[in-house]
file protein_30.txt (compact mmCIF, C-alpha atoms (C1' of nucleotides))
# COMPACT_ATOMS: atom_id res chain seq x y z
CA MET C 1412 141.94 -106.32 118.38
CA PRO C 1413 143.04 -102.71 118.74
CA THR C 1414 139.81 -100.78 119.00
CA ARG C 1415 137.26 -103.55 119.48
CA ALA C 1416 135.05 -102.46 116.63
CA ARG C 1417 132.86 -105.53 116.87
CA GLU C 1418 131.89 -104.85 120.45
CA ARG C 1419 131.20 -101.20 119.78
CA LEU C 1420 128.92 -102.24 116.94
CA LEU C 1421 127.01 -104.66 119.17
CA ASP C 1422 126.68 -102.14 121.98
CA THR C 1423 125.54 -99.33 119.71
CA ALA C 1424 123.16 -101.49 117.70
CA GLU C 1425 121.57 -102.97 120.80
CA GLU C 1426 120.88 -99.56 122.23
CA LEU C 1427 119.56 -98.05 119.00
CA PHE C 1428 117.47 -101.08 118.02
CA TYR C 1429 115.82 -101.16 121.43
CA ALA C 1430 115.15 -97.44 121.55
CA GLN C 1431 113.92 -96.93 118.00
CA GLY C 1432 113.14 -100.33 116.51
CA ILE C 1433 115.21 -102.44 114.15
CA ARG C 1434 113.82 -101.16 110.88
CA ALA C 1435 114.03 -97.57 112.03
CA VAL C 1436 117.79 -97.77 112.56
CA GLY C 1437 119.91 -97.74 109.44
CA VAL C 1438 123.43 -99.05 109.10
CA GLU C 1439 124.49 -95.47 108.49
CA GLN C 1440 123.36 -94.40 111.96
CA ILE C 1441 125.04 -97.35 113.63
CA LEU C 1442 128.32 -96.46 111.92
CA THR C 1443 128.06 -92.81 112.88
CA VAL C 1444 127.29 -93.43 116.55
CA SER C 1445 129.76 -96.27 117.01
CA LYS C 1446 132.45 -94.49 114.98
CA VAL C 1447 133.17 -97.68 113.06
CA GLY C 1448 134.06 -97.57 109.40
CA ARG C 1449 131.65 -98.97 106.87
CA ALA C 1450 134.09 -101.60 105.67
CA SER C 1451 134.82 -102.76 109.20
CA PHE C 1452 131.14 -103.33 109.76
CA TYR C 1453 130.90 -105.80 106.88
CA ARG C 1454 134.14 -107.47 107.94
CA HIS C 1455 132.47 -108.45 111.21
CA PHE C 1456 128.90 -109.02 110.04
CA SER C 1457 127.82 -110.32 106.67
CA SER C 1458 124.69 -108.18 106.70
CA LYS C 1459 122.48 -106.04 108.90
CA ASP C 1460 120.35 -109.12 109.57
CA ALA C 1461 123.41 -110.95 110.90
CA LEU C 1462 124.07 -108.05 113.26
CA VAL C 1463 120.46 -108.17 114.44
CA VAL C 1464 120.76 -111.86 115.26
CA ALA C 1465 124.06 -111.35 117.06
CA VAL C 1466 122.59 -108.51 119.12
CA LEU C 1467 119.56 -110.58 120.09
CA GLU C 1468 121.57 -113.64 121.03
CA ARG C 1469 123.83 -111.59 123.27
CA ARG C 1470 120.89 -109.78 124.84
CA ASP C 1471 119.15 -113.10 125.51
CA LEU C 1472 122.11 -114.26 127.57
CA GLN C 1473 122.57 -110.96 129.37
CA TRP C 1474 118.91 -110.47 130.10
CA ARG C 1475 118.47 -113.90 131.65
CA GLU C 1476 121.63 -113.42 133.70
CA TRP C 1477 120.23 -110.12 134.91
CA LEU C 1478 116.87 -111.70 135.75
CA ALA C 1479 118.43 -114.50 137.76
CA GLU C 1480 120.54 -112.01 139.68
CA ARG C 1481 117.59 -109.76 140.53
CA VAL C 1482 115.33 -112.69 141.42
CA ALA C 1483 117.98 -113.89 143.84
CA ALA C 1484 118.20 -110.40 145.30
CA HIS C 1485 114.46 -110.47 145.90
CA GLY C 1486 114.43 -113.75 147.76
CA GLY C 1487 114.60 -116.24 144.92
CA GLY C 1488 110.90 -117.10 144.87
CA PRO C 1489 108.82 -117.25 141.68
CA LEU C 1490 107.06 -113.98 142.52
CA ALA C 1491 110.43 -112.21 142.54
CA VAL C 1492 110.34 -112.08 138.75
CA PHE C 1493 107.70 -109.36 139.06
CA ASP C 1494 109.88 -107.41 141.44
CA ALA C 1495 112.62 -107.59 138.85
CA LEU C 1496 110.20 -106.40 136.17
CA ALA C 1497 109.20 -103.44 138.33
CA GLU C 1498 112.84 -102.38 138.42
CA ARG C 1499 113.04 -102.66 134.67
CA PHE C 1500 109.87 -100.63 134.13
CA ALA C 1501 111.24 -97.80 136.24
CA ARG C 1502 114.21 -97.22 133.95
CA ALA C 1503 113.97 -94.12 131.80
CA ASP C 1504 114.97 -96.01 128.68
CA PHE C 1505 112.40 -98.79 129.18
CA ARG C 1506 110.66 -99.56 125.92
CA GLY C 1507 109.12 -102.98 126.46
CA CYS C 1508 110.65 -106.37 125.80
CA ALA C 1509 113.20 -106.36 123.00
CA PHE C 1510 112.12 -109.85 121.97
CA ILE C 1511 108.40 -109.15 121.88
CA ASN C 1512 109.22 -106.02 119.92
CA THR C 1513 111.34 -108.02 117.50
CA MET C 1514 108.66 -110.64 116.92
CA ILE C 1515 106.13 -107.92 116.22
CA GLU C 1516 108.39 -105.85 114.02
CA THR C 1517 109.78 -108.83 112.15
CA ALA C 1518 106.50 -110.22 110.90
CA ASP C 1519 107.91 -113.27 109.17
CA PRO C 1520 107.94 -116.11 111.74
CA GLY C 1521 110.58 -117.93 109.72
CA SER C 1522 113.18 -115.18 109.92
CA ALA C 1523 116.24 -115.77 112.05
CA ALA C 1524 115.52 -112.78 114.28
CA HIS C 1525 112.00 -113.98 114.96
CA GLN C 1526 113.21 -117.40 115.98
CA VAL C 1527 115.88 -116.06 118.32
CA ALA C 1528 113.18 -113.98 119.98
CA ALA C 1529 110.86 -116.99 120.28
CA GLY C 1530 113.71 -119.03 121.73
CA HIS C 1531 114.31 -116.40 124.38
CA LYS C 1532 110.73 -116.63 125.59
CA SER C 1533 110.85 -120.40 125.88
CA ARG C 1534 114.11 -120.18 127.82
CA VAL C 1535 112.56 -117.67 130.21
CA THR C 1536 109.59 -119.99 130.64
CA GLY C 1537 111.97 -122.80 131.49
CA TYR C 1538 113.66 -120.61 134.06
CA VAL C 1539 110.34 -119.68 135.68
CA GLU C 1540 109.44 -123.34 135.77
CA SER C 1541 112.68 -124.08 137.59
CA LEU C 1542 111.81 -121.37 140.14
CA LEU C 1543 108.45 -123.04 140.73
CA THR C 1544 110.08 -126.41 141.10
CA THR C 1545 112.62 -125.08 143.58
CA ALA C 1546 109.82 -123.49 145.56
CA GLY C 1547 108.23 -126.92 145.81
CA HIS C 1548 105.15 -125.88 143.96
CA HIS C 1549 102.79 -128.38 142.37
CA ALA C 1550 102.47 -128.43 138.58
CA PRO C 1551 105.33 -126.07 137.65
CA ALA C 1552 105.02 -127.00 133.99
CA ALA C 1553 101.41 -125.81 133.93
CA LEU C 1554 101.98 -122.66 135.97
CA ALA C 1555 105.12 -121.35 134.28
CA PRO C 1556 103.43 -120.40 131.00
CA GLN C 1557 100.73 -118.60 132.96
CA LEU C 1558 103.29 -116.56 134.86
CA VAL C 1559 105.12 -115.73 131.64
CA MET C 1560 101.82 -114.61 130.14
CA LEU C 1561 101.35 -112.34 133.13
CA MET C 1562 104.88 -111.03 132.65
CA ASP C 1563 104.21 -110.25 129.01
CA GLY C 1564 100.95 -108.56 129.86
CA ALA C 1565 102.65 -106.48 132.51
CA ILE C 1566 105.41 -105.49 130.07
CA VAL C 1567 103.01 -104.37 127.35
CA THR C 1568 100.91 -102.51 129.89
CA ALA C 1569 103.95 -100.79 131.37
CA LEU C 1570 105.02 -99.68 127.92
CA ARG C 1571 101.62 -98.12 127.37
CA GLU C 1572 101.12 -96.52 130.78
CA ARG C 1573 104.73 -95.68 131.57
CA SER C 1574 104.50 -96.85 135.15
CA THR C 1575 105.55 -99.74 137.33
CA ALA C 1576 101.99 -100.37 138.51
CA SER C 1577 101.42 -103.26 136.11
CA ALA C 1578 104.26 -105.22 137.68
CA THR C 1579 102.61 -104.92 141.09
CA GLN C 1580 99.24 -105.89 139.65
CA ALA C 1581 100.67 -108.90 137.84
CA ARG C 1582 102.50 -109.96 140.98
CA ALA C 1583 99.29 -109.87 142.99
CA ILE C 1584 97.48 -111.96 140.39
CA ALA C 1585 100.35 -114.43 140.29
CA ALA C 1586 100.22 -114.73 144.06
CA VAL C 1587 96.59 -115.81 143.82
CA LEU C 1588 97.54 -118.45 141.27
CA LEU C 1589 100.31 -119.80 143.48
CA GLU C 1590 98.00 -120.03 146.46
CA SER C 1591 95.30 -121.94 144.67
CA THR C 1592 95.69 -125.58 145.64
CA GLU C 1593 94.21 -127.13 142.54
CA PRO C 1594 95.87 -126.78 139.15
CA LEU C 1595 94.14 -124.08 137.14
CA THR C 1596 92.80 -125.23 133.81
CA ALA C 1597 89.76 -124.27 131.78
CA SER C 1598 86.67 -123.39 133.74
CA MET T 79 83.00 -90.61 94.14
CA PRO T 80 83.17 -92.92 91.15
CA THR T 81 85.53 -95.66 92.22
CA ARG T 82 85.79 -94.97 95.95
CA ALA T 83 89.56 -94.70 95.92
CA ARG T 84 89.69 -93.54 99.50
CA GLU T 85 87.99 -96.63 100.83
CA ARG T 86 90.12 -98.95 98.75
CA LEU T 87 93.20 -97.24 100.16
CA LEU T 88 91.98 -97.67 103.73
CA ASP T 89 91.05 -101.32 103.19
CA THR T 90 94.33 -102.18 101.50
CA ALA T 91 96.49 -100.27 103.94
CA GLU T 92 94.78 -101.79 106.96
CA GLU T 93 95.37 -105.29 105.69
CA LEU T 94 98.98 -104.71 104.66
CA PHE T 95 99.94 -102.73 107.77
CA TYR T 96 98.53 -105.43 110.01
CA ALA T 97 100.14 -108.29 108.12
CA GLN T 98 103.60 -106.79 107.59
CA GLY T 99 103.94 -103.79 109.86
CA ILE T 100 103.60 -100.11 109.04
CA ARG T 101 107.20 -99.39 108.19
CA ALA T 102 107.51 -102.50 106.09
CA VAL T 103 104.74 -101.40 103.74
CA GLY T 104 105.64 -98.69 101.26
CA VAL T 105 103.23 -96.35 99.55
CA GLU T 106 104.21 -98.07 96.30
CA GLN T 107 102.83 -101.40 97.49
CA ILE T 108 99.60 -99.85 98.72
CA LEU T 109 99.08 -98.22 95.33
CA THR T 110 99.81 -101.44 93.44
CA VAL T 111 97.47 -103.60 95.50
CA SER T 112 94.65 -101.08 95.75
CA LYS T 113 95.02 -100.04 92.10
CA VAL T 114 94.84 -96.40 93.09
CA GLY T 115 96.91 -93.82 91.26
CA ARG T 116 99.72 -92.10 93.08
CA ALA T 117 98.17 -88.68 92.65
CA SER T 118 94.82 -89.85 94.00
CA PHE T 119 96.53 -91.11 97.11
CA TYR T 120 97.92 -87.69 97.97
CA ARG T 121 94.60 -86.05 97.11
CA HIS T 122 92.98 -88.06 99.92
CA PHE T 123 95.82 -88.18 102.42
CA SER T 124 98.42 -85.52 102.97
CA SER T 125 101.06 -88.12 103.81
CA LYS T 126 101.60 -91.75 104.66
CA ASP T 127 101.37 -90.82 108.33
CA ALA T 128 97.92 -89.33 107.76
CA LEU T 129 96.84 -92.61 106.16
CA VAL T 130 98.19 -94.55 109.12
CA VAL T 131 96.16 -92.43 111.54
CA ALA T 132 93.00 -92.77 109.44
CA VAL T 133 93.44 -96.55 109.27
CA LEU T 134 93.92 -96.83 113.02
CA GLU T 135 90.95 -94.62 113.85
CA ARG T 136 88.68 -96.66 111.64
CA ARG T 137 89.99 -99.93 113.00
CA ASP T 138 89.47 -98.71 116.56
CA LEU T 139 85.77 -98.20 115.86
CA GLN T 140 85.36 -101.44 113.95
CA TRP T 141 87.28 -103.55 116.43
CA ARG T 142 85.29 -102.35 119.42
CA GLU T 143 82.06 -102.88 117.51
CA TRP T 144 83.19 -106.40 116.74
CA LEU T 145 84.14 -107.03 120.37
CA ALA T 146 80.79 -105.86 121.68
CA GLU T 147 78.99 -108.07 119.18
CA ARG T 148 81.01 -111.17 120.06
CA VAL T 149 80.76 -110.52 123.80
CA ALA T 150 76.98 -110.33 123.44
CA ALA T 151 77.04 -113.59 121.49
CA HIS T 152 78.93 -115.23 124.36
CA GLY T 153 76.50 -114.18 127.05
CA GLY T 154 77.51 -110.59 127.66
CA GLY T 155 79.53 -111.26 130.81
CA PRO T 156 83.03 -109.83 131.38
CA LEU T 157 84.66 -113.20 130.78
CA ALA T 158 83.17 -113.27 127.29
CA VAL T 159 85.94 -110.96 126.12
CA PHE T 160 88.30 -113.93 126.33
CA ASP T 161 85.94 -116.06 124.26
CA ALA T 162 86.01 -113.30 121.67
CA LEU T 163 89.81 -113.25 121.79
CA ALA T 164 89.93 -117.00 121.25
CA GLU T 165 87.98 -116.54 118.03
CA ARG T 166 90.41 -113.86 116.96
CA PHE T 167 93.46 -116.01 117.73
CA ALA T 168 92.11 -118.82 115.57
CA ARG T 169 92.08 -116.73 112.42
CA ALA T 170 94.81 -117.56 109.95
CA ASP T 171 95.74 -113.91 109.51
CA PHE T 172 96.03 -113.21 113.25
CA ARG T 173 99.13 -111.19 113.98
CA GLY T 174 98.52 -109.74 117.40
CA CYS T 175 96.86 -106.47 118.31
CA ALA T 176 97.25 -103.79 115.67
CA PHE T 177 97.44 -101.11 118.35
CA ILE T 178 100.04 -102.82 120.49
CA ASN T 179 102.00 -103.42 117.31
CA THR T 180 101.71 -99.77 116.36
CA MET T 181 102.86 -98.55 119.76
CA ILE T 182 105.87 -100.84 119.57
CA GLU T 183 106.74 -100.06 115.99
CA THR T 184 106.17 -96.33 116.37
CA ALA T 185 108.61 -95.74 119.17
CA ASP T 186 107.90 -92.04 119.62
CA PRO T 187 105.09 -91.74 122.20
CA GLY T 188 104.25 -88.27 120.91
CA SER T 189 103.46 -89.38 117.39
CA ALA T 190 99.84 -89.28 116.25
CA ALA T 191 99.74 -93.00 115.51
CA HIS T 192 101.03 -93.85 118.96
CA GLN T 193 98.39 -91.74 120.63
CA VAL T 194 95.55 -93.21 118.60
CA ALA T 195 96.76 -96.64 119.66
CA ALA T 196 96.94 -95.60 123.30
CA GLY T 197 93.46 -94.13 123.05
CA HIS T 198 92.13 -97.42 121.75
CA LYS T 199 93.41 -99.28 124.78
CA SER T 200 91.82 -96.83 127.21
CA ARG T 201 88.50 -97.10 125.36
CA VAL T 202 88.65 -100.88 125.56
CA THR T 203 89.38 -100.60 129.26
CA GLY T 204 86.33 -98.40 129.64
CA TYR T 205 84.23 -100.97 127.83
CA VAL T 206 85.47 -103.80 130.05
CA GLU T 207 84.70 -101.65 133.06
CA SER T 208 81.13 -101.21 131.81
CA LEU T 209 80.83 -104.99 131.45
CA LEU T 210 81.91 -105.40 135.07
CA THR T 211 79.46 -102.75 136.21
CA THR T 212 76.60 -104.38 134.31
CA ALA T 213 77.50 -107.72 135.87
CA GLY T 214 77.13 -106.09 139.26
CA HIS T 215 80.72 -106.68 140.21
CA HIS T 216 82.41 -104.77 142.98
CA ALA T 217 85.24 -102.38 142.09
CA PRO T 218 84.96 -102.42 138.28
CA ALA T 219 87.40 -99.54 137.99
CA ALA T 220 90.09 -101.57 139.75
CA LEU T 221 89.40 -104.83 137.95
CA ALA T 222 89.10 -103.55 134.38
CA PRO T 223 92.80 -102.70 133.95
CA GLN T 224 93.71 -106.12 135.31
CA LEU T 225 91.48 -107.85 132.78
CA VAL T 226 92.92 -105.72 129.99
CA MET T 227 96.41 -106.65 131.12
CA LEU T 228 95.38 -110.30 130.92
CA MET T 229 93.98 -109.68 127.44
CA ASP T 230 97.24 -108.09 126.30
CA GLY T 231 99.24 -110.93 127.78
CA ALA T 232 97.05 -113.46 126.04
CA ILE T 233 97.38 -111.62 122.73
CA VAL T 234 101.18 -111.48 122.88
CA THR T 235 101.35 -115.11 123.94
CA ALA T 236 99.01 -116.19 121.14
CA LEU T 237 101.18 -114.37 118.63
CA ARG T 238 104.21 -116.25 119.87
CA GLU T 239 102.67 -119.70 120.23
CA ARG T 240 100.17 -119.55 117.39
CA SER T 241 97.37 -121.13 119.38
CA THR T 242 94.18 -120.17 121.16
CA ALA T 243 95.35 -121.73 124.43
CA SER T 244 96.39 -118.41 125.96
CA ALA T 245 92.83 -117.10 125.67
CA THR T 246 91.56 -120.05 127.68
CA GLN T 247 94.32 -119.63 130.24
CA ALA T 248 93.67 -115.92 130.62
CA ARG T 249 89.94 -116.56 130.96
CA ALA T 250 90.56 -119.02 133.78
CA ILE T 251 92.79 -116.56 135.59
CA ALA T 252 90.23 -113.80 135.12
CA ALA T 253 87.54 -116.06 136.55
CA VAL T 254 89.59 -116.44 139.72
CA LEU T 255 89.90 -112.66 139.98
CA LEU T 256 86.15 -112.20 139.56
CA GLU T 257 85.39 -114.78 142.24
CA SER T 258 87.68 -113.24 144.83
CA THR T 259 85.50 -111.25 147.20
CA GLU T 260 88.05 -108.71 148.28
CA PRO T 261 89.53 -106.21 145.85
CA LEU T 262 92.95 -107.32 144.71
CA THR T 263 95.72 -104.85 145.39
CA ALA T 264 99.36 -105.22 146.25
CA SER T 265 100.21 -108.15 148.50
C1' DT P 1124 162.36 -103.31 111.94
C1' DA P 1125 159.12 -105.67 108.90
C1' DA P 1126 155.12 -108.20 107.92
C1' DA P 1127 150.37 -108.95 109.09
C1' DT P 1128 146.16 -107.64 110.78
C1' DA P 1129 142.51 -104.54 112.02
C1' DC P 1130 140.83 -100.31 111.21
C1' DG P 1131 138.42 -95.57 109.52
C1' DG P 1132 137.11 -92.70 105.49
C1' DT P 1133 135.19 -92.17 101.15
C1' DA P 1134 133.28 -92.88 96.76
C1' DC P 1135 130.15 -95.55 94.65
C1' DC P 1136 126.35 -99.05 93.35
C1' DG P 1137 121.34 -100.23 92.34
C1' DA P 1138 117.08 -100.20 94.75
C1' DT P 1139 113.62 -98.13 97.25
C1' DC P 1140 111.71 -94.47 100.03
C1' DA P 1141 107.94 -90.57 100.43
C1' DG P 1142 106.26 -87.02 97.85
C1' DT P 1143 105.27 -83.69 93.49
C1' DT P 1144 103.77 -82.70 88.97
C1' DC P 1145 101.53 -83.17 84.59
C1' DC P 1146 98.31 -85.35 81.53
C1' DA P 1147 94.74 -88.22 79.63
C1' DT P 1148 90.80 -90.70 81.00
C1' DT P 1149 86.68 -91.90 83.26
C1' DT P 1150 82.83 -91.10 86.11
C1' DG P 1151 78.50 -88.92 87.96
C1' DC P 1152 75.30 -85.27 87.43
C1' DG P 1153 72.69 -81.46 85.53
C1' DC M 478 74.70 -84.03 75.73
C1' DG M 479 78.32 -81.42 78.25
C1' DC M 480 80.68 -80.07 82.19
C1' DA M 481 83.21 -80.72 86.42
C1' DA M 482 85.02 -83.60 89.58
C1' DA M 483 87.51 -87.70 90.51
C1' DT M 484 90.69 -90.77 88.90
C1' DG M 485 94.91 -93.75 87.03
C1' DG M 486 99.46 -93.70 84.76
C1' DA M 487 103.87 -92.23 84.30
C1' DA M 488 107.89 -89.38 84.80
C1' DC M 489 110.49 -87.18 88.10
C1' DT M 490 112.67 -85.32 92.53
C1' DG M 491 116.01 -85.69 96.53
C1' DA M 492 116.94 -88.60 100.25
C1' DT M 493 117.98 -92.89 102.16
C1' DC M 494 118.37 -97.85 102.07
C1' DG M 495 121.81 -102.05 102.42
C1' DG M 496 125.99 -103.39 100.46
C1' DT M 497 130.75 -103.26 97.80
C1' DA M 498 135.37 -101.72 96.55
C1' DC M 499 139.44 -99.25 97.30
C1' DC M 500 142.87 -96.77 99.87
C1' DG M 501 145.65 -94.98 103.51
C1' DT M 502 146.60 -95.61 108.42
C1' DA M 503 147.27 -97.43 112.94
C1' DT M 504 148.22 -101.20 115.88
C1' DT M 505 150.02 -105.70 117.11
C1' DT M 506 153.23 -109.35 116.62
C1' DA M 507 157.26 -111.83 114.94
call {"tool": "encode", "arguments": {"input": "protein_30.txt", "output": "structure tokens"}}
result
Amino acid sequence: MPTRARERLLDTAEELFYAQGIRAVGVEQILTVSKVGRASFYRHFSSKDALVVAVLERRDLQWREWLAERVAAHGGGPLAVFDALAERFARADFRGCAFINTMIETADPGSAAHQVAAGHKSRVTGYVESLLTTAGHHAPAALAPQLVMLMDGAIVTALRERSTASATQARAIAAVLLESTEPLTAS
Amino acid sequence: MPTRARERLLDTAEELFYAQGIRAVGVEQILTVSKVGRASFYRHFSSKDALVVAVLERRDLQWREWLAERVAAHGGGPLAVFDALAERFARADFRGCAFINTMIETADPGSAAHQVAAGHKSRVTGYVESLLTTAGHHAPAALAPQLVMLMDGAIVTALRERSTASATQARAIAAVLLESTEPLTAS
DNA sequence: TAAATACGGTACCGATCAGTTCCATTTGCG
DNA sequence: CGCAAATGGAACTGATCGGTACCGTATTTA
């Protein structure tokens, strides 16, 4: 492939979708920025929706690779996910979680984009559970969803306050949960 | 005002915006559902953006009124906010927090809609802080943002999982935070 | 060199977008 | 009753939406 139009489309679309939202970015803008011809676009993707799905699937893989790498760099413990989040929040282009954003923007739960986004979250939960298991913690299956909920809360809060403080806060709360000896259920 | 067109517009727009997203709802649809003439719309609101702001400002007031009422019904303690959330999550039309959704959908932080949404969150935080103060808790100013972060995490999780479980989980975590005698900061 | 593939540019399609204008009707009030 | 304000309907604008068709060009491969 001479000029790798497909990859330029994915790169451009990922950046624009994340920065402005999926609906806010038209095919026209993607073509202009990526310098790909209109016909070439529809040779690679049957529709804008297909491009959205392809972007999300690629980002799911890349994001989880990035998370695993940063967690390892921060010691490999379950709490390291919040250190990784803090790094993410500090980036100038941070605009929340692309998958949360997609689920909110794409209201229909049956749409392909919505389901890719939901799948991402369950895969992240599985990864957090594996971190808890490796750390020898009791009840990883019960704790992982709670940590992911803290992660999501920290992400939304960071988006609103434009600071990394929520990652530190969430980490401190998570530390309390990990220290508690009895599994935490309803009170 | 004979047929109260303005109120019908606000009611219809609030429902449609929440269910489908702001961008996804055109003025055309609002006019059709509300049975308001196109001209009447622009007599009451200078633009669609002005309608969006009016809807959000009204919902801010109504939502916080509703929260205070449900918190009182659940004993008036700080943890009651999670009982109120659980009720919200159980509704068939639940689709997350309208203000979080607005901040995500309206990417530009300088837009009027975004700022109304941000203002709502700070007012809710102030309310939670007053609940902590009334309950005689130490360091309400430090704890309130943490509880709001838990609320946001529970909301996003409920939207993804379509269950009230996250409210119960968040309440249990919040209970641990309230019981801890020392203020929780970075570890 | 020649065929095949990928590509960029442009014109075009019908639909929808937000917003304006004009007109006939209906409503509440004096 | 009669007037004035509020209203609903429809026609229209220019811009943009996602998507299609065609054409000339550049690159790779046989």
call {"tool": "atom_distance", "arguments": {"input": "protein_30.txt", "atom1": "atom CA of C:Phe1452", "atom2": "atom C1' of M:DC500"}}
result
16.7 Å
call {"tool": "residues_around", "arguments": {"input": "protein_30.txt", "residues": "T:Leu94", "least_positions_apart": "4", "cutoff": "12 Å", "atoms": "all atoms listed in the file", "output": "CSV table (one decimal) with C-alpha atoms, in the frame of the given file"}}
result
chain,number,residue,atom,x,y,z
C,1518,ALA,CA,106.5,-110.2,110.9
T,87,LEU,CA,93.2,-97.2,100.2
T,88,LEU,CA,92.0,-97.7,103.7
T,89,ASP,CA,91.0,-101.3,103.2
T,90,THR,CA,94.3,-102.2,101.5
T,98,GLN,CA,103.6,-106.8,107.6
T,99,GLY,CA,103.9,-103.8,109.9
T,100,ILE,CA,103.6,-100.1,109.0
T,101,ARG,CA,107.2,-99.4,108.2
T,102,ALA,CA,107.5,-102.5,106.1
T,103,VAL,CA,104.7,-101.4,103.7
T,104,GLY,CA,105.6,-98.7,101.3
T,105,VAL,CA,103.2,-96.4,99.6
T,106,GLU,CA,104.2,-98.1,96.3
T,107,GLN,CA,102.8,-101.4,97.5
T,108,ILE,CA,99.6,-99.8,98.7
T,109,LEU,CA,99.1,-98.2,95.3
T,110,THR,CA,99.8,-101.4,93.4
T,111,VAL,CA,97.5,-103.6,95.5
T,112,SER,CA,94.6,-101.1,95.8
T,130,VAL,CA,98.2,-94.6,109.1
T,133,VAL,CA,93.4,-96.6,109.3
T,171,ASP,CA,95.7,-113.9,109.5
T,173,ARG,CA,99.1,-111.2,114.0
T,176,ALA,CA,97.2,-103.8,115.7
call {"tool": "residues_around", "arguments": {"input": "protein_30.txt", "residues": "M:DT504", "least_positions_apart": "2", "cutoff": "12 Å", "atoms": "all atoms listed in the file", "output": "ChimeraX atom specification"}}
result
/C:1412-1415 /P:1127-1130 /M:502,506
call {"tool": "residues_around", "arguments": {"input": "protein_30.txt", "residues": "C:Asp1471", "least_positions_apart": "2", "cutoff": "10 Å", "atoms": "only C-alpha atoms (C1' of nucleotides)", "output": "list in words"}}
result
Ala1465, Val1466, Leu1467, Glu1468, Arg1469, Gln1473, Trp1474, Arg1475, Glu1476, Trp1477, Ala1509, Phe1510, Val1527, Ala1528, Gly1530, His1531, Lys1532, Arg1534 and Val1535 of chain C
call {"tool": "closest_residue", "arguments": {"input": "protein_30.txt", "among": "C:Pro1551, C:Gly1537, C:Gly1521, C:Gly1507", "to": "chain T", "atoms": "all atoms listed in the file"}}
result
C:Gly1507
call {"tool": "closest_atom_pairs", "arguments": {"input": "protein_30.txt", "of": "chain C", "to": "chain T", "cutoff": "7 Å", "atoms": "all atoms listed in the file", "output": "CSV"}}
result
residue,atom,partner,partner_atom,distance
C:Gln1431,CA,T:Ala185,CA,5.6
C:Gly1432,CA,T:Glu183,CA,6.4
C:Asn1512,CA,T:Ile182,CA,6.2
C:Ile1515,CA,T:Asn179,CA,6.2
C:Glu1516,CA,T:Glu183,CA,6.3
C:Ala1518,CA,T:Gln98,CA,5.6
C:Ala1529,CA,T:Arg238,CA,6.7
C:Met1560,CA,T:Gly231,CA,5.1
C:Leu1561,CA,T:Gly231,CA,5.9
C:Asp1563,CA,T:Gly231,CA,5.2
C:Gly1564,CA,T:Gly231,CA,3.6
C:Ala1565,CA,T:Met227,CA,6.4
C:Val1567,CA,T:Asp230,CA,6.9
C:Thr1568,CA,T:Met227,CA,6.2
C:Arg1571,CA,T:Ala196,CA,6.7
C:Thr1579,CA,T:Ala264,CA,6.1
C:Gln1580,CA,T:Ala264,CA,6.6
C:Ala1583,CA,T:Ala264,CA,5.7
C:Thr1596,CA,T:Ala250,CA,6.6
C:Ala1597,CA,T:Ala250,CA,5.7
C:Ser1598,CA,T:Ala250,CA,5.9
call {"tool": "atom_distance", "arguments": {"input": "protein_30.txt", "atom1": "atom CA of C:Leu1462", "atom2": "atom C1' of P:DC1140"}}
result
22.6 Å
call {"tool": "interface_residues", "arguments": {"input": "protein_30.txt", "of": "chain M", "to": "chain C", "cutoff": "9 Å", "atoms": "all atoms listed in the file", "output": "VMD selection string"}}
result
chain M and resid 493 to 497 503 to 505
call {"tool": "residues_around", "arguments": {"input": "protein_30.txt", "residues": "T:Ser208", "least_positions_apart": "2", "cutoff": "12 Å", "atoms": "only C-alpha atoms (C1' of nucleotides)", "output": "number ranges by chain"}}
result
T: 146, 154-156, 201-206, 210-223
call {"tool": "residues_around", "arguments": {"input": "protein_30.txt", "residues": "P:DT1144", "least_positions_apart": "4", "cutoff": "10 Å", "atoms": "all atoms listed in the file", "output": "ChimeraX atom specification"}}
result
/T:117 /M:488-490
call {"tool": "atom_distance", "arguments": {"input": "protein_30.txt", "atom1": "atom C1' of M:DG479", "atom2": "atom CA of T:Arg121"}}
result
25.3 Å
call {"tool": "closest_residue", "arguments": {"input": "protein_30.txt", "among": "P:DC1145, P:DA1138, P:DA1125, P:DT1150", "to": "chain T", "atoms": "all atoms listed in the file"}}
result
P:DT1150
call {"tool": "closest_residue", "arguments": {"input": "protein_30.txt", "among": "C:Ala1483, C:Ala1424, C:Val1447, C:Leu1496", "to": "chain P", "atoms": "only C-alpha atoms (C1' of nucleotides)"}}
result
C:Val1447
call {"tool": "closest_residue", "arguments": {"input": "protein_30.txt", "among": "T:Ala190, T:Lys113, T:Leu209, T:Phe123", "to": "P:DG1142", "atoms": "only C-alpha atoms (C1' of nucleotides)"}}
result
T:Phe123
call {"tool": "decode", "arguments": {"input": "protein_30.txt", "residues": "stretch 1128-1139 of chain P", "atoms": "C-alpha atoms (C1' of nucleotides)", "output": "compact mmCIF listing (two decimals), in the first residue's frame"}}
result
# COMPACT_ATOMS: atom_id res chain seq x y z
C1' DT P 1128 -3.80 -1.89 -7.70
C1' DA P 1129 -4.26 2.00 -4.67
C1' DC P 1130 -4.93 6.57 -4.62
C1' DG P 1131 -6.61 11.89 -4.62
C1' DG P 1132 -9.90 15.28 -6.60
C1' DT P 1133 -14.30 16.61 -7.90
C1' DA P 1134 -19.01 16.75 -9.01
C1' DC P 1135 -23.06 15.19 -7.45
C1' DC P 1136 -27.06 12.96 -4.73
C1' DG P 1137 -31.02 13.25 -1.30
C1' DA P 1138 -31.59 14.28 3.45
C1' DT P 1139 -31.19 17.03 7.29
